[in-house]
$ cat query26.txt   # compact mmCIF, C-alpha atoms
# COMPACT_ATOMS: atom_id res chain seq x y z
CA MET A 1 -21.72 10.18 15.47
CA LYS A 2 -18.61 9.87 17.62
CA ILE A 3 -15.56 8.89 15.55
CA GLY A 4 -12.07 8.23 16.87
CA LEU A 5 -9.14 9.22 14.65
CA ILE A 6 -5.57 7.98 15.08
CA ILE A 7 -2.83 8.84 12.60
CA ASN A 8 0.53 7.07 12.80
CA PRO A 9 2.74 9.99 11.67
CA VAL A 10 5.67 7.81 10.57
CA ALA A 11 3.67 5.16 8.69
CA GLY A 12 5.12 4.51 5.25
CA ILE A 13 8.23 6.64 5.70
CA GLY A 14 10.48 3.70 4.84
CA GLY A 15 8.69 2.68 1.65
CA SER A 16 10.10 5.01 -0.99
CA VAL A 17 13.65 4.58 0.34
CA GLY A 18 13.59 0.80 0.14
CA LEU A 19 13.50 -0.05 3.85
CA LYS A 20 10.51 -2.41 3.54
CA GLY A 21 8.83 -0.93 6.60
CA SER A 22 8.88 1.90 9.13
CA ASP A 23 8.91 0.14 12.51
CA GLY A 24 11.50 1.25 15.04
CA GLU A 25 13.25 4.53 15.79
CA GLU A 26 16.48 3.56 14.01
CA THR A 27 14.59 2.63 10.82
CA GLN A 28 12.70 5.93 10.91
CA LYS A 29 15.94 7.86 11.39
CA LEU A 30 17.56 6.04 8.48
CA ALA A 31 14.49 6.66 6.32
CA LEU A 32 14.71 10.41 6.93
CA GLU A 33 18.44 10.38 6.15
CA ARG A 34 17.66 8.69 2.81
CA GLY A 35 14.99 11.25 1.96
CA GLY A 36 11.85 9.50 3.21
CA LYS A 37 8.75 11.67 3.52
CA PHE A 38 5.88 11.82 5.99
CA LEU A 39 2.71 10.95 4.05
CA SER A 40 0.17 9.58 6.51
CA ASN A 41 -1.33 12.97 7.43
CA SER A 42 -1.92 13.85 3.77
CA LYS A 43 -3.53 10.45 3.18
CA ALA A 44 -5.80 10.93 6.18
CA LYS A 45 -6.70 14.35 4.81
CA THR A 46 -7.64 12.79 1.46
CA ALA A 47 -10.01 10.42 3.24
CA LEU A 48 -11.59 13.06 5.48
CA LYS A 49 -12.27 15.43 2.58
CA GLU A 50 -14.94 12.95 1.51
CA VAL A 51 -17.00 13.76 4.63
CA VAL A 52 -16.32 17.49 5.12
CA ASP A 53 -19.91 18.27 4.17
CA LEU A 54 -21.07 15.98 7.01
CA LYS A 55 -19.01 17.73 9.70
CA ASP A 56 -22.14 18.79 11.61
CA LYS A 57 -23.02 15.12 12.04
CA ILE A 58 -19.61 14.05 13.39
CA GLU A 59 -17.71 14.65 16.61
CA PHE A 60 -14.11 13.46 16.45
CA PHE A 61 -11.91 12.26 19.31
CA THR A 62 -8.27 12.24 18.30
CA GLY A 63 -4.61 12.32 19.23
CA ALA A 64 -2.80 15.63 19.67
CA GLY A 65 -0.88 17.34 16.88
CA LYS A 66 0.19 15.11 14.00
CA MET A 67 -1.70 12.12 15.43
CA GLY A 68 -4.96 13.63 14.17
CA GLU A 69 -5.55 17.10 15.59
CA ASP A 70 -3.66 18.97 12.86
CA VAL A 71 -5.69 17.48 10.00
CA LEU A 72 -9.05 17.91 11.72
CA LYS A 73 -8.25 21.54 12.58
CA GLU A 74 -7.27 22.28 8.97
CA LEU A 75 -10.51 20.80 7.62
CA GLY A 76 -12.72 22.50 10.19
CA PHE A 77 -14.12 19.45 12.03
CA ASN A 78 -15.34 19.43 15.63
CA TYR A 79 -12.96 17.44 17.78
CA LYS A 80 -11.73 16.66 21.26
CA VAL A 81 -8.01 15.99 21.81
CA ILE A 82 -6.91 12.95 23.78
CA GLY A 83 -3.44 12.97 25.33
CA GLU A 84 -0.57 15.43 25.00
CA LYS A 85 1.30 16.61 21.94
CA LYS A 86 4.64 14.83 21.42
CA GLU A 87 7.58 15.49 19.13
CA HIS A 88 8.23 11.77 18.68
CA THR A 89 5.44 9.19 18.79
CA THR A 90 5.60 5.40 19.18
CA PHE A 91 3.28 2.41 18.94
CA GLN A 92 2.52 2.90 22.62
CA ASP A 93 0.89 6.26 21.86
CA THR A 94 -1.36 4.61 19.29
CA GLU A 95 -2.43 1.92 21.74
CA ASP A 96 -2.97 4.40 24.58
CA ILE A 97 -5.19 6.63 22.43
CA ALA A 98 -7.15 3.63 21.15
CA ARG A 99 -7.87 2.54 24.73
CA GLU A 100 -9.09 6.03 25.56
CA LEU A 101 -11.35 5.96 22.50
CA LYS A 102 -12.86 2.75 23.80
CA LYS A 103 -13.62 4.52 27.10
CA GLU A 104 -15.28 7.37 25.16
CA ASN A 105 -17.64 4.82 23.56
CA VAL A 106 -16.94 6.04 20.05
CA ASP A 107 -19.05 4.56 17.26
CA LEU A 108 -16.13 4.05 14.90
CA ILE A 109 -12.32 4.17 14.93
CA LEU A 110 -10.56 5.53 11.86
CA PHE A 111 -6.79 5.03 11.70
CA ALA A 112 -4.05 5.76 9.18
CA GLY A 113 -1.06 3.46 9.01
CA GLY A 114 0.06 0.01 7.94
CA ASP A 115 -0.05 -3.50 9.34
CA GLY A 116 1.87 -2.51 12.47
CA THR A 117 -0.72 0.18 13.23
CA ALA A 118 -3.55 -2.30 12.71
CA ARG A 119 -1.88 -4.58 15.26
CA ASN A 120 -1.71 -1.70 17.74
CA ILE A 121 -5.43 -1.00 17.31
CA PHE A 122 -6.23 -4.69 17.77
CA ASN A 123 -4.11 -4.85 20.94
CA ALA A 124 -6.15 -2.01 22.41
CA VAL A 125 -9.74 -2.65 21.32
CA GLU A 126 -9.90 -6.09 19.64
CA VAL A 127 -13.35 -6.46 18.03
CA SER A 128 -15.29 -4.21 20.39
CA ILE A 129 -15.54 -1.19 18.03
CA PRO A 130 -15.91 -1.04 14.21
CA CYS A 131 -12.70 0.19 12.57
CA ILE A 132 -11.65 1.52 9.16
CA GLY A 133 -8.01 1.69 8.06
CA ILE A 134 -6.64 4.40 5.77
CA PRO A 135 -3.74 2.75 3.90
CA ALA A 136 -0.57 4.72 4.63
CA GLY A 137 2.05 2.11 5.47
CA VAL A 138 4.56 0.04 3.53
CA LYS A 139 3.08 -3.31 4.53
CA ILE A 140 -0.70 -3.40 4.09
CA HIS A 141 -1.58 -7.10 4.08
CA SER A 142 -4.45 -6.80 6.56
CA ALA A 143 -8.07 -6.88 5.41
CA VAL A 144 -8.95 -3.87 7.59
CA TYR A 145 -7.89 -1.22 5.07
CA ALA A 146 -9.73 0.49 2.24
CA ASN A 147 -8.36 0.16 -1.29
CA ASN A 148 -7.00 3.71 -1.06
CA PRO A 149 -7.48 6.83 1.11
CA LYS A 150 -10.39 8.17 -0.94
CA ASP A 151 -12.23 4.86 -0.66
CA ALA A 152 -11.70 4.99 3.10
CA GLY A 153 -13.50 8.34 3.08
CA LEU A 154 -16.36 6.88 1.07
CA VAL A 155 -16.74 4.06 3.59
CA ILE A 156 -16.87 6.59 6.44
CA ARG A 157 -19.48 8.53 4.52
CA GLU A 158 -21.73 5.49 4.09
CA TYR A 159 -21.30 4.56 7.74
CA VAL A 160 -22.20 8.05 8.98
CA GLN A 161 -25.21 8.36 6.69
CA ASP A 162 -26.72 4.94 7.35
CA LYS A 163 -24.84 2.98 9.98
CA ASN A 164 -27.59 0.38 10.40
CA SER A 165 -27.44 -0.69 6.76
CA ILE A 166 -23.71 -1.39 6.81
CA VAL A 167 -22.61 -4.97 7.45
CA THR A 168 -19.49 -5.32 9.59
CA ALA A 169 -17.36 -8.44 9.74
CA HIS A 170 -14.36 -9.68 11.65
CA SER A 171 -11.42 -9.01 9.29
CA GLU A 172 -7.86 -10.25 9.48
CA VAL A 173 -5.04 -8.27 11.10
CA MET A 174 -1.87 -9.60 9.48
CA ASP A 175 1.74 -8.49 9.92
CA ILE A 176 5.21 -9.71 9.06
CA ASP A 177 8.55 -9.79 10.81
CA GLU A 178 10.31 -6.68 9.46
CA GLU A 179 13.81 -7.90 10.38
CA LYS A 180 13.30 -11.11 8.43
CA PHE A 181 11.55 -9.10 5.70
CA ARG A 182 14.71 -7.01 5.26
CA GLN A 183 16.61 -10.28 4.85
CA ASN A 184 14.25 -11.26 2.01
CA VAL A 185 12.30 -13.71 4.18
CA LEU A 186 8.55 -13.14 4.09
CA GLN A 187 6.74 -14.51 7.14
CA ALA A 188 3.21 -13.28 7.68
CA LYS A 189 1.23 -14.05 10.81
CA LEU A 190 -2.41 -13.66 11.80
CA TYR A 191 -2.57 -11.56 14.97
CA GLY A 192 -6.33 -11.29 15.34
CA TYR A 193 -9.39 -9.57 13.91
CA LEU A 194 -10.97 -6.14 13.85
CA ASP A 195 -14.64 -5.48 13.20
CA VAL A 196 -14.70 -3.72 9.83
CA PRO A 197 -17.49 -2.32 7.61
CA ARG A 198 -17.36 -4.53 4.52
CA VAL A 199 -18.46 -2.09 1.82
CA GLU A 200 -18.21 -3.79 -1.56
CA LYS A 201 -15.45 -2.55 -3.90
CA LEU A 202 -14.12 -0.07 -1.30
CA MET A 203 -12.45 -2.32 1.29
CA GLN A 204 -9.52 -4.54 0.34
CA SER A 205 -9.21 -8.26 1.03
CA SER A 206 -6.26 -9.77 2.83
CA LYS A 207 -3.17 -10.62 0.82
CA SER A 208 -3.17 -14.24 -0.29
CA SER A 209 -0.27 -16.42 -1.27
CA SER A 210 -0.67 -18.30 -4.51
CA SER A 211 1.17 -21.18 -6.11
CA SER A 212 2.72 -21.06 -9.54
CA SER A 213 3.75 -23.95 -11.74
CA VAL A 214 7.23 -24.29 -13.17
CA GLU A 215 5.61 -24.27 -16.61
CA GLU A 216 3.97 -20.88 -15.98
CA ILE A 217 7.15 -19.28 -14.67
CA GLU A 218 9.20 -20.64 -17.56
CA GLY A 219 6.54 -19.56 -20.05
CA ILE A 220 6.37 -16.00 -18.69
CA ALA A 221 10.18 -15.86 -18.58
CA GLU A 222 10.52 -17.01 -22.19
CA GLU A 223 7.97 -14.47 -23.41
CA LEU A 224 9.45 -11.65 -21.32
CA GLU A 225 12.98 -12.40 -22.51
CA LYS A 226 11.74 -12.27 -26.09
CA ILE A 227 10.18 -8.85 -25.42
CA MET A 228 13.40 -7.59 -23.77
CA ASN A 229 15.53 -8.82 -26.69
CA ASN A 230 13.33 -6.94 -29.17
CA LYS A 231 13.65 -3.60 -27.38
CA ASP A 232 16.41 -1.01 -27.78
CA ASP A 233 19.85 -1.94 -26.44
CA ASP A 234 19.76 1.32 -24.47
CA MET A 235 16.51 0.41 -22.66
CA VAL A 236 16.56 0.43 -18.85
CA TYR A 237 14.53 -2.26 -17.08
CA VAL A 238 13.08 -1.40 -13.69
CA VAL A 239 12.21 -4.66 -11.94
CA GLY A 240 9.53 -4.52 -9.26
CA THR A 241 9.04 -6.48 -6.05
CA GLY A 242 7.41 -9.83 -5.40
CA GLY A 243 7.86 -13.57 -5.71
CA THR A 244 6.47 -13.87 -9.26
CA VAL A 245 8.79 -11.20 -10.66
CA ASN A 246 11.72 -12.69 -8.73
CA SER A 247 11.11 -16.22 -10.04
CA VAL A 248 10.65 -15.07 -13.65
CA MET A 249 13.74 -12.84 -13.69
CA ARG A 250 15.87 -15.56 -12.10
CA ASP A 251 14.68 -17.99 -14.76
CA ILE A 252 15.90 -15.51 -17.37
CA GLY A 253 19.25 -15.35 -15.55
CA TYR A 254 19.13 -12.22 -13.37
CA ASP A 255 19.83 -12.55 -9.63
CA VAL A 256 17.30 -9.89 -8.63
CA SER A 257 16.20 -9.15 -5.07
CA LEU A 258 12.94 -10.58 -3.78
CA LEU A 259 11.51 -7.57 -1.99
CA GLY A 260 13.36 -4.60 -3.50
CA VAL A 261 13.28 -2.72 -6.81
CA ASP A 262 16.28 -3.41 -9.06
CA ILE A 263 17.55 -1.84 -12.28
CA ILE A 264 18.93 -3.79 -15.24
CA TYR A 265 20.88 -1.93 -17.93
CA LYS A 266 22.78 -3.37 -20.89
CA GLY A 267 22.34 -6.90 -19.56
CA GLU A 268 23.62 -6.19 -16.03
CA ILE A 269 22.00 -5.44 -12.67
CA VAL A 270 23.35 -1.96 -12.00
CA LEU A 271 21.25 -1.11 -8.93
CA LYS A 272 19.84 -3.52 -6.36
CA GLU A 273 17.15 -2.61 -3.81
CA ALA A 274 17.22 0.96 -5.12
CA THR A 275 15.52 3.93 -3.45
CA GLU A 276 13.04 6.16 -5.25
CA ASN A 277 15.68 8.85 -5.75
CA GLN A 278 18.21 6.36 -7.13
CA ILE A 279 15.69 4.94 -9.58
CA TYR A 280 14.59 8.34 -10.84
CA ASP A 281 18.13 9.69 -11.14
CA PHE A 282 19.13 6.68 -13.25
CA ILE A 283 16.17 6.69 -15.64
CA LYS A 284 15.32 10.39 -15.93
CA ASP A 285 17.24 10.87 -19.19
CA LYS A 286 16.70 7.33 -20.55
CA LYS A 287 13.92 5.16 -21.93
CA ALA A 288 12.70 2.63 -19.40
CA THR A 289 10.43 -0.39 -19.11
CA LEU A 290 8.84 -1.39 -15.81
CA ILE A 291 8.14 -5.03 -14.90
CA VAL A 292 5.64 -5.54 -12.05
CA THR A 293 3.21 -8.10 -10.72
CA VAL A 294 -0.14 -8.11 -8.90
CA ILE A 295 -0.71 -8.63 -5.17
CA GLY A 296 -2.63 -11.87 -4.74
CA GLY A 297 -6.02 -11.49 -3.09
CA GLN A 298 -5.91 -7.67 -3.06
CA GLY A 299 -5.16 -6.96 -6.72
CA HIS A 300 -2.84 -3.99 -6.23
CA VAL A 301 -0.22 -3.31 -8.89
CA PHE A 302 1.10 -0.14 -7.21
CA GLY A 303 1.05 1.10 -3.63
CA ARG A 304 1.59 -2.13 -1.71
CA GLY A 305 5.22 -2.92 -0.91
CA ASN A 306 6.61 -1.07 -3.96
CA GLN A 307 6.35 2.60 -2.91
CA GLN A 308 9.78 3.15 -4.49
CA LEU A 309 7.82 3.29 -7.76
CA SER A 310 6.65 6.85 -7.24
CA PRO A 311 4.28 8.85 -9.44
CA ARG A 312 7.16 10.68 -11.15
CA ILE A 313 8.84 7.37 -11.98
CA ILE A 314 5.64 5.81 -13.33
CA ARG A 315 4.89 8.91 -15.41
CA HIS A 316 8.42 9.02 -16.84
CA ILE A 317 8.25 5.36 -17.84
CA GLY A 318 4.76 5.74 -19.29
CA LYS A 319 1.75 3.43 -19.29
CA ASP A 320 2.74 1.83 -22.59
CA ASN A 321 6.08 0.70 -21.12
CA ILE A 322 4.67 -1.10 -18.07
CA ILE A 323 4.60 -4.90 -18.28
CA ILE A 324 2.41 -6.72 -15.75
CA ILE A 325 3.10 -10.41 -15.17
CA ALA A 326 1.12 -12.84 -12.98
CA THR A 327 0.07 -16.47 -12.68
CA HIS A 328 -3.45 -17.82 -13.14
CA ALA A 329 -3.77 -18.58 -9.41
CA LYS A 330 -2.75 -15.07 -8.38
CA LEU A 331 -5.19 -13.37 -10.73
CA TYR A 332 -8.12 -15.54 -9.82
CA SER A 333 -7.50 -15.03 -6.10
CA ILE A 334 -8.43 -11.34 -6.45
CA ALA A 335 -11.69 -11.00 -4.55
CA ASP A 336 -13.45 -8.43 -6.74
CA GLY A 337 -11.82 -9.35 -10.04
CA VAL A 338 -10.17 -5.97 -10.73
CA ILE A 339 -6.57 -4.81 -10.35
CA LYS A 340 -5.81 -1.57 -8.52
CA ALA A 341 -3.39 1.34 -8.14
CA ASP A 342 -2.81 3.41 -4.99
CA THR A 343 0.11 5.61 -6.00
CA SER A 344 -0.62 8.48 -3.55
CA ASP A 345 -1.47 10.58 -6.61
CA PRO A 346 -5.23 10.45 -7.39
CA GLU A 347 -4.69 11.96 -10.85
CA LEU A 348 -2.19 9.26 -11.76
CA ASP A 349 -4.48 6.55 -10.37
CA GLU A 350 -7.16 7.93 -12.68
CA GLU A 351 -4.76 7.90 -15.65
CA LEU A 352 -3.87 4.26 -14.97
CA LYS A 353 -7.50 3.12 -15.07
CA GLY A 354 -8.60 0.97 -17.96
CA TYR A 355 -7.92 -2.45 -19.39
CA TRP A 356 -4.44 -3.99 -19.13
CA LYS A 357 -2.89 -7.02 -20.78
CA ILE A 358 -1.25 -9.28 -18.21
CA LEU A 359 1.36 -11.81 -19.31
CA ILE A 360 0.52 -15.20 -17.77
CA ASN A 361 2.42 -17.72 -19.91
CA TYR A 362 4.33 -18.10 -23.15
CA ASN A 363 2.45 -16.24 -25.91
CA HIS A 364 -0.54 -15.98 -23.57
CA THR A 365 -1.99 -12.80 -22.07
CA ILE A 366 -5.24 -12.05 -20.28
CA VAL A 367 -7.03 -8.72 -19.98
CA PHE A 368 -7.96 -7.31 -16.56
CA LYS A 369 -9.56 -4.02 -15.65
CA LEU A 370 -7.68 -1.60 -13.40
CA ASP A 371 -10.20 0.38 -11.38

$ encode --input "query26.txt" --output "structure tokens"
Amino acid sequence: MKIGLIINPVAGIGGSVGLKGSDGEETQKLALERGGKFLSNSKAKTALKEVVDLKDKIEFFTGAGKMGEDVLKELGFNYKVIGEKKEHTTFQDTEDIARELKKENVDLILFAGGDGTARNIFNAVEVSIPCIGIPAGVKIHSAVYANNPKDAGLVIREYVQDKNSIVTAHSEVMDIDEEKFRQNVLQAKLYGYLDVPRVEKLMQSSKSSSSSSVEEIEGIAEELEKIMNNKDDDMVYVVGTGGTVNSVMRDIGYDVSLLGVDIIYKGEIVLKEATENQIYDFIKDKKATLIVTVIGGQGHVFGRGNQQLSPRIIRHIGKDNIIIIATHAKLYSIADGVIKADTSDPELDEELKGYWKILINYNHTIVFKLD
């Protein structure tokens, strides 16, 4: 089987440092200055490890260097390089390689990135070739990505072993305006569709917006405030991203950011839109409680838009000190009925598995499985 591989080397670099995206050279430069890390190659490697034993059945066509060649060489795959190696890559490189893959008549395109990368692939090939996305970006609203890198590898495996039994479907390519996103305005737009293998429980759905009643928000806020008042005065509260968390915390009386991670200590917001390093430095010698919500439609608690909440932060806080809040509509919009974690640390994802109580109203919780 001929598989095209494209890795966006800078995908996700802005996530842990609170930049809400990685598009644009200036953003990437700022992300590096703040301590952002390149993760997309390691995530692609995680996916490809799932098919190393099938290497004799696959011929890869890929970008030079960090756009795919480096990972394939390390894992011992057969591959042909398309294009020249570059120190700095842009969206144009992704689109150019994708067009060349179309000319090579590959059976499948595998790409690592976020919503911007999915748009680039769509611009180049539209629905002419089946595609699988390895989630590596900050914004991953599109329904063309697997739940996590390992699941992407499992989808590739099924496709290589029995292509004819896999159903593909036109799946949404969504993206948002990053400039407005950084101004706390969330505007998502449908850009088109990619043909994607829809393997049950491995591929994510698109993010869905969900309504919430005033009664629900007030009920969650009242219950959460009661919990906060019963904890130690020295407790640090790490407040995650999202509209539900924002509405609840504002009802309690905290002017938290909509799309950043904030820290509340001794009744005051002491850090707003904090980076991963700032969060860890503040809580590392203190007890902390984390307040997060669920992504509607997809079900992710970690790994979608809140990459500031790194594995070391989650481990320091501890599973018992994580409070998940959500509305009825958001929970019942989750396509497969389970919540998910994609922390970039498979061992931590495994530790987080199990049943979680989710606060949905005053004195009212519901149990969901994280898997």

$ atom_distance --input "query26.txt" --atom1 "atom CA of Thr289 of chain A" --atom2 "atom CA of Pro311 of chain A"
14.7 Å

$ closest_residue --input "query26.txt" --among "A:Lys231, A:Lys85, A:His141, A:Lys266" --to "Ser205 of chain A" --atoms "all atoms listed in the file"
A:His141

$ residues_around --input "query26.txt" --residues "segment 71-83 of chain A" --least-positions-apart "6" --cutoff "10 Å" --atoms "all atoms listed in the file" --output "PyMOL selection string"
chain A and resi 2-5+7+41-42+44-46+48-49+51-65+93+96-98+100-101

$ write_last_selection --input "query26.txt" --atoms "C-alpha atoms" --output "PDB file, in the frame of the given file"
ATOM      1  CA  LYS A   2     -18.610   9.870  17.620  1.00  0.00           C
ATOM      2  CA  ILE A   3     -15.560   8.890  15.550  1.00  0.00           C
ATOM      3  CA  GLY A   4     -12.070   8.230  16.870  1.00  0.00           C
ATOM      4  CA  LEU A   5      -9.140   9.220  14.650  1.00  0.00           C
ATOM      5  CA  ILE A   7      -2.830   8.840  12.600  1.00  0.00           C
ATOM      6  CA  ASN A  41      -1.330  12.970   7.430  1.00  0.00           C
ATOM      7  CA  SER A  42      -1.920  13.850   3.770  1.00  0.00           C
ATOM      8  CA  ALA A  44      -5.800  10.930   6.180  1.00  0.00           C
ATOM      9  CA  LYS A  45      -6.700  14.350   4.810  1.00  0.00           C
ATOM     10  CA  THR A  46      -7.640  12.790   1.460  1.00  0.00           C
ATOM     11  CA  LEU A  48     -11.590  13.060   5.480  1.00  0.00           C
ATOM     12  CA  LYS A  49     -12.270  15.430   2.580  1.00  0.00           C
ATOM     13  CA  VAL A  51     -17.000  13.760   4.630  1.00  0.00           C
ATOM     14  CA  VAL A  52     -16.320  17.490   5.120  1.00  0.00           C
ATOM     15  CA  ASP A  53     -19.910  18.270   4.170  1.00  0.00           C
ATOM     16  CA  LEU A  54     -21.070  15.980   7.010  1.00  0.00           C
ATOM     17  CA  LYS A  55     -19.010  17.730   9.700  1.00  0.00           C
ATOM     18  CA  ASP A  56     -22.140  18.790  11.610  1.00  0.00           C
ATOM     19  CA  LYS A  57     -23.020  15.120  12.040  1.00  0.00           C
ATOM     20  CA  ILE A  58     -19.610  14.050  13.390  1.00  0.00           C
ATOM     21  CA  GLU A  59     -17.710  14.650  16.610  1.00  0.00           C
ATOM     22  CA  PHE A  60     -14.110  13.460  16.450  1.00  0.00           C
ATOM     23  CA  PHE A  61     -11.910  12.260  19.310  1.00  0.00           C
ATOM     24  CA  THR A  62      -8.270  12.240  18.300  1.00  0.00           C
ATOM     25  CA  GLY A  63      -4.610  12.320  19.230  1.00  0.00           C
ATOM     26  CA  ALA A  64      -2.800  15.630  19.670  1.00  0.00           C
ATOM     27  CA  GLY A  65      -0.880  17.340  16.880  1.00  0.00           C
ATOM     28  CA  ASP A  93       0.890   6.260  21.860  1.00  0.00           C
ATOM     29  CA  ASP A  96      -2.970   4.400  24.580  1.00  0.00           C
ATOM     30  CA  ILE A  97      -5.190   6.630  22.430  1.00  0.00           C
ATOM     31  CA  ALA A  98      -7.150   3.630  21.150  1.00  0.00           C
ATOM     32  CA  GLU A 100      -9.090   6.030  25.560  1.00  0.00           C
ATOM     33  CA  LEU A 101     -11.350   5.960  22.500  1.00  0.00           C
TER      34      LEU A 101
END

$ atom_distance --input "query26.txt" --atom1 "atom CA of Ile291 of chain A" --atom2 "atom CA of Lys207 of chain A"
20.2 Å

$ residues_near_point --input "query26.txt" --point "(8.8, -13.9, -24.8)" --cutoff "12 Å" --atoms "only C-alpha atoms" --output "PDB file with C-alpha atoms, keeping the file's coordinate frame"
ATOM      1  CA  ILE A 217       7.150 -19.280 -14.670  1.00  0.00           C
ATOM      2  CA  GLU A 218       9.200 -20.640 -17.560  1.00  0.00           C
ATOM      3  CA  GLY A 219       6.540 -19.560 -20.050  1.00  0.00           C
ATOM      4  CA  ILE A 220       6.370 -16.000 -18.690  1.00  0.00           C
ATOM      5  CA  ALA A 221      10.180 -15.860 -18.580  1.00  0.00           C
ATOM      6  CA  GLU A 222      10.520 -17.010 -22.190  1.00  0.00           C
ATOM      7  CA  GLU A 223       7.970 -14.470 -23.410  1.00  0.00           C
ATOM      8  CA  LEU A 224       9.450 -11.650 -21.320  1.00  0.00           C
ATOM      9  CA  GLU A 225      12.980 -12.400 -22.510  1.00  0.00           C
ATOM     10  CA  LYS A 226      11.740 -12.270 -26.090  1.00  0.00           C
ATOM     11  CA  ILE A 227      10.180  -8.850 -25.420  1.00  0.00           C
ATOM     12  CA  MET A 228      13.400  -7.590 -23.770  1.00  0.00           C
ATOM     13  CA  ASN A 229      15.530  -8.820 -26.690  1.00  0.00           C
ATOM     14  CA  ASN A 230      13.330  -6.940 -29.170  1.00  0.00           C
ATOM     15  CA  LYS A 231      13.650  -3.600 -27.380  1.00  0.00           C
ATOM     16  CA  VAL A 248      10.650 -15.070 -13.650  1.00  0.00           C
ATOM     17  CA  ILE A 252      15.900 -15.510 -17.370  1.00  0.00           C
ATOM     18  CA  ILE A 323       4.600  -4.900 -18.280  1.00  0.00           C
ATOM     19  CA  ILE A 325       3.100 -10.410 -15.170  1.00  0.00           C
ATOM     20  CA  LEU A 359       1.360 -11.810 -19.310  1.00  0.00           C
ATOM     21  CA  ILE A 360       0.520 -15.200 -17.770  1.00  0.00           C
ATOM     22  CA  ASN A 361       2.420 -17.720 -19.910  1.00  0.00           C
ATOM     23  CA  TYR A 362       4.330 -18.100 -23.150  1.00  0.00           C
ATOM     24  CA  ASN A 363       2.450 -16.240 -25.910  1.00  0.00           C
ATOM     25  CA  HIS A 364      -0.540 -15.980 -23.570  1.00  0.00           C
ATOM     26  CA  THR A 365      -1.990 -12.800 -22.070  1.00  0.00           C
TER      27      THR A 365
END

$ closest_residue --input "query26.txt" --among "A:Ser212, A:Asp262, A:Asn321, A:Leu290" --to "Gln278 of chain A" --atoms "only C-alpha atoms"
A:Asp262

$ residues_around --input "query26.txt" --residues "Val338 of chain A" --least-positions-apart "3" --cutoff "7 Å" --atoms "all atoms listed in the file" --output "VMD selection string"
chain A and resid 299 368 to 371

$ axis_aligned_box --input "query26.txt" --around "segment 135-140 of chain A" --padding-each-side "4 Å" --output "lines of an AutoDock Vina configuration file"
center_x = 0.4
center_y = 0.7
center_z = 4.5
size_x = 16.3
size_y = 16.1
size_z = 9.9

$ closest_residue --input "query26.txt" --among "A:Arg99, A:Lys66, A:Tyr193, A:Leu331" --to "Glu87 of chain A" --atoms "only C-alpha atoms"
A:Lys66

$ closest_residue --input "query26.txt" --among "A:Gly35, A:Gly267, A:Gly68, A:Gly133" --to "Val173 of chain A" --atoms "all atoms listed in the file"
A:Gly133

$ atom_distance --input "query26.txt" --atom1 "atom CA of Leu271 of chain A" --atom2 "atom CA of Ala11 of chain A"
25.7 Å
